[in-house]
>>> print(open('model_24.cif').read())   # mmCIF, C-alpha atoms
data_data
loop_
_atom_site.label_atom_id
_atom_site.label_comp_id
_atom_site.auth_asym_id
_atom_site.auth_seq_id
_atom_site.Cartn_x
_atom_site.Cartn_y
_atom_site.Cartn_z
CA ILE A 922 11.08 0.91 -39.78
CA ARG A 923 8.22 -0.46 -41.85
CA LYS A 924 7.43 2.98 -43.27
CA LEU A 925 11.11 3.50 -44.18
CA ALA A 926 11.21 0.12 -45.93
CA SER A 927 7.93 0.73 -47.76
CA SER A 928 9.45 3.85 -49.33
CA GLY A 929 12.66 2.02 -50.31
CA GLY A 930 14.82 3.67 -47.66
CA VAL A 931 17.80 2.17 -45.85
CA MET A 932 18.48 2.49 -42.12
CA GLY A 933 22.13 2.94 -41.20
CA MET A 934 22.98 1.29 -37.89
CA ASN A 935 24.56 3.67 -35.41
CA VAL A 936 27.06 2.23 -32.91
CA CYS A 937 26.41 4.83 -30.21
CA SER A 938 25.55 2.63 -27.24
CA THR A 939 22.73 4.90 -26.06
CA PHE A 940 20.87 3.93 -29.27
CA VAL A 941 21.73 0.24 -28.86
CA GLY A 942 20.97 -0.26 -25.16
CA ASN A 943 21.69 1.13 -21.73
CA PRO A 944 25.46 1.54 -21.20
CA ASP A 945 24.85 2.14 -17.47
CA LEU A 946 23.57 -1.42 -17.06
CA LYS A 947 26.30 -3.23 -19.00
CA LYS A 948 29.13 -2.73 -21.47
CA LEU A 949 27.56 -3.02 -24.89
CA ASP A 950 29.27 -4.80 -27.78
CA GLU A 951 28.80 -6.25 -31.26
CA LYS A 952 26.27 -8.81 -29.97
CA ASP A 953 23.98 -6.01 -28.80
CA LEU A 954 24.28 -4.25 -32.16
CA ALA A 955 23.58 -7.54 -33.97
CA ASP A 956 20.36 -7.84 -31.94
CA HIS A 957 19.22 -4.61 -33.62
CA ILE A 958 20.02 -5.95 -37.09
CA ASP A 959 18.08 -9.12 -36.21
CA HIS A 960 15.08 -7.02 -35.19
CA ILE A 961 15.09 -5.05 -38.45
CA ARG A 962 15.59 -8.23 -40.50
CA ASP A 963 12.63 -9.81 -38.72
CA LEU A 964 10.45 -6.77 -39.44
CA VAL A 965 11.34 -5.96 -43.06
CA GLY A 966 14.26 -8.09 -44.26
CA THR A 967 17.90 -7.29 -44.92
CA ASP A 968 17.25 -4.99 -47.89
CA TYR A 969 16.54 -1.96 -45.71
CA VAL A 970 19.42 -1.85 -43.24
CA GLY A 971 23.16 -1.31 -43.47
CA PHE A 972 26.32 -0.44 -41.63
CA GLY A 973 25.95 3.28 -40.93
CA PHE A 974 28.64 3.74 -38.34
CA ASP A 975 29.22 7.29 -37.19
CA PHE A 976 31.91 6.40 -34.70
CA CYS A 977 31.58 8.71 -31.74
CA ASP A 978 34.75 7.79 -29.88
CA GLU A 979 34.98 11.36 -28.66
CA MET A 980 31.45 11.45 -27.27
CA ARG A 981 31.50 11.55 -23.49
CA ASP A 982 28.90 11.97 -20.78
CA PHE A 983 29.70 15.41 -19.47
CA THR A 984 26.74 15.41 -17.07
CA LYS A 985 28.55 13.22 -14.54
CA PRO A 986 31.67 14.09 -12.53
CA GLY A 987 34.92 12.18 -12.90
CA PRO A 988 36.23 10.17 -15.85
CA HIS A 989 33.91 10.31 -18.81
CA ARG A 990 32.95 7.05 -20.45
CA ASN A 991 32.93 6.39 -24.17
CA TYR A 992 29.63 5.69 -25.85
CA ASP A 993 30.38 3.47 -28.86
CA CYS A 994 29.53 -0.21 -28.47
CA ILE A 995 32.19 -1.05 -31.08
CA LYS A 996 35.27 1.13 -31.45
CA GLY A 997 36.33 2.19 -34.91
CA HIS A 998 36.13 0.57 -38.31
CA SER A 999 38.61 -2.17 -37.44
CA HIS A 1000 36.11 -3.59 -34.94
CA SER A 1001 33.42 -3.92 -37.58
CA VAL A 1002 35.13 -7.27 -38.30
CA GLU A 1003 33.89 -8.64 -34.96
CA PHE A 1004 30.42 -7.30 -35.73
CA SER A 1005 30.47 -8.97 -39.16
CA ALA A 1006 31.66 -12.24 -37.58
CA GLU A 1007 28.77 -12.07 -35.12
CA LEU A 1008 26.25 -11.67 -37.95
CA LEU A 1009 27.80 -14.59 -39.86
CA ALA A 1010 27.64 -16.73 -36.70
CA ARG A 1011 23.92 -15.91 -36.51
CA GLY A 1012 23.42 -17.32 -40.00
CA TYR A 1013 23.51 -14.24 -42.21
CA SER A 1014 24.50 -15.27 -45.72
CA GLU A 1015 27.29 -13.80 -47.82
CA ALA A 1016 24.61 -12.07 -49.93
CA ASP A 1017 23.09 -10.56 -46.77
CA MET A 1018 26.51 -9.30 -45.67
CA VAL A 1019 27.14 -7.65 -49.05
CA LYS A 1020 23.80 -5.84 -48.70
CA LEU A 1021 24.55 -4.72 -45.13
CA ILE A 1022 28.09 -3.58 -45.84
CA GLY A 1023 27.11 -1.29 -48.70
CA GLU A 1024 24.98 -2.70 -51.48
CA ASN A 1025 21.73 -1.48 -49.91
CA PHE A 1026 23.05 2.09 -49.76
CA LEU A 1027 24.33 1.89 -53.34
CA ARG A 1028 20.91 0.71 -54.52
CA PHE A 1029 19.25 3.58 -52.65
CA LEU A 1030 21.67 6.17 -54.06
CA GLU A 1031 21.20 4.90 -57.62
CA LYS A 1032 17.43 5.14 -57.17
CA THR A 1033 17.46 8.62 -55.67
CA ILE A 1034 20.32 10.46 -57.35
CA GLY A 1035 21.16 8.26 -60.33
#
>>> encode(input="model_24.cif", output="structure tokens")
Amino acid sequence: IRKLASSGGVMGMNVCSTFVGNPDLKKLDEKDLADHIDHIRDLVGTDYVGFGFDFCDEMRDFTKPGPHRNYDCIKGHSHSVEFSAELLARGYSEADMVKLIGENFLRFLEKTIG
């Protein structure tokens, strides 16, 4: 994370619960994903992280018999509202939210491709 930030990169947060925690131990949600944002903020600040949701609603664990569980800790773009509310409740400013929602990626794209 520090190396990515030192080169001006931006980390897109993935909502796939296997990246966020252990979905076998508990159902993961926006609070768990916010813990990851907190960790990155504490390491390098909010300039190097953003919403990078590749919703994987169709991802299933096909290694186990029976009904297959979903992997996303938040489901679909409409649930990013709950995630945003969680970050605001943790004290993220409006300026931080603008960065996370897209400004960081725009800055990176302007720098790299003009």
>>> resolve_selection(input="model_24.cif", expression="the PyMOL selection byres ((chain A and resi 926) around 9)", output="PyMOL selection string")
chain A and resi 922-925+927-932+965-966+968-970
>>> atom_distance(input="model_24.cif", atom1="atom CA of Leu954 of chain A", atom2="atom CA of Glu1003 of chain A")
10.9 Å
>>> atom_distance(input="model_24.cif", atom1="atom CA of Leu1008 of chain A", atom2="atom CA of Glu1031 of chain A")
26.2 Å
>>> resolve_selection(input="model_24.cif", expression="the PyMOL selection byres ((chain A and resi 971-975) around 10)", output="NGL selection string")
:A and (931-937 or 958 or 967-970 or 976-978 or 993 or 995-998 or 1001 or 1004-1005 or 1017-1026)
>>> atom_distance(input="model_24.cif", atom1="atom CA of Asp950 of chain A", atom2="atom CA of His1000 of chain A")
10.0 Å
>>> closest_residue(input="model_24.cif", among="A:Ala1010, A:Leu964, A:Ile1034, A:Leu1027", to="Lys952 of chain A", atoms="only C-alpha atoms")
A:Ala1010
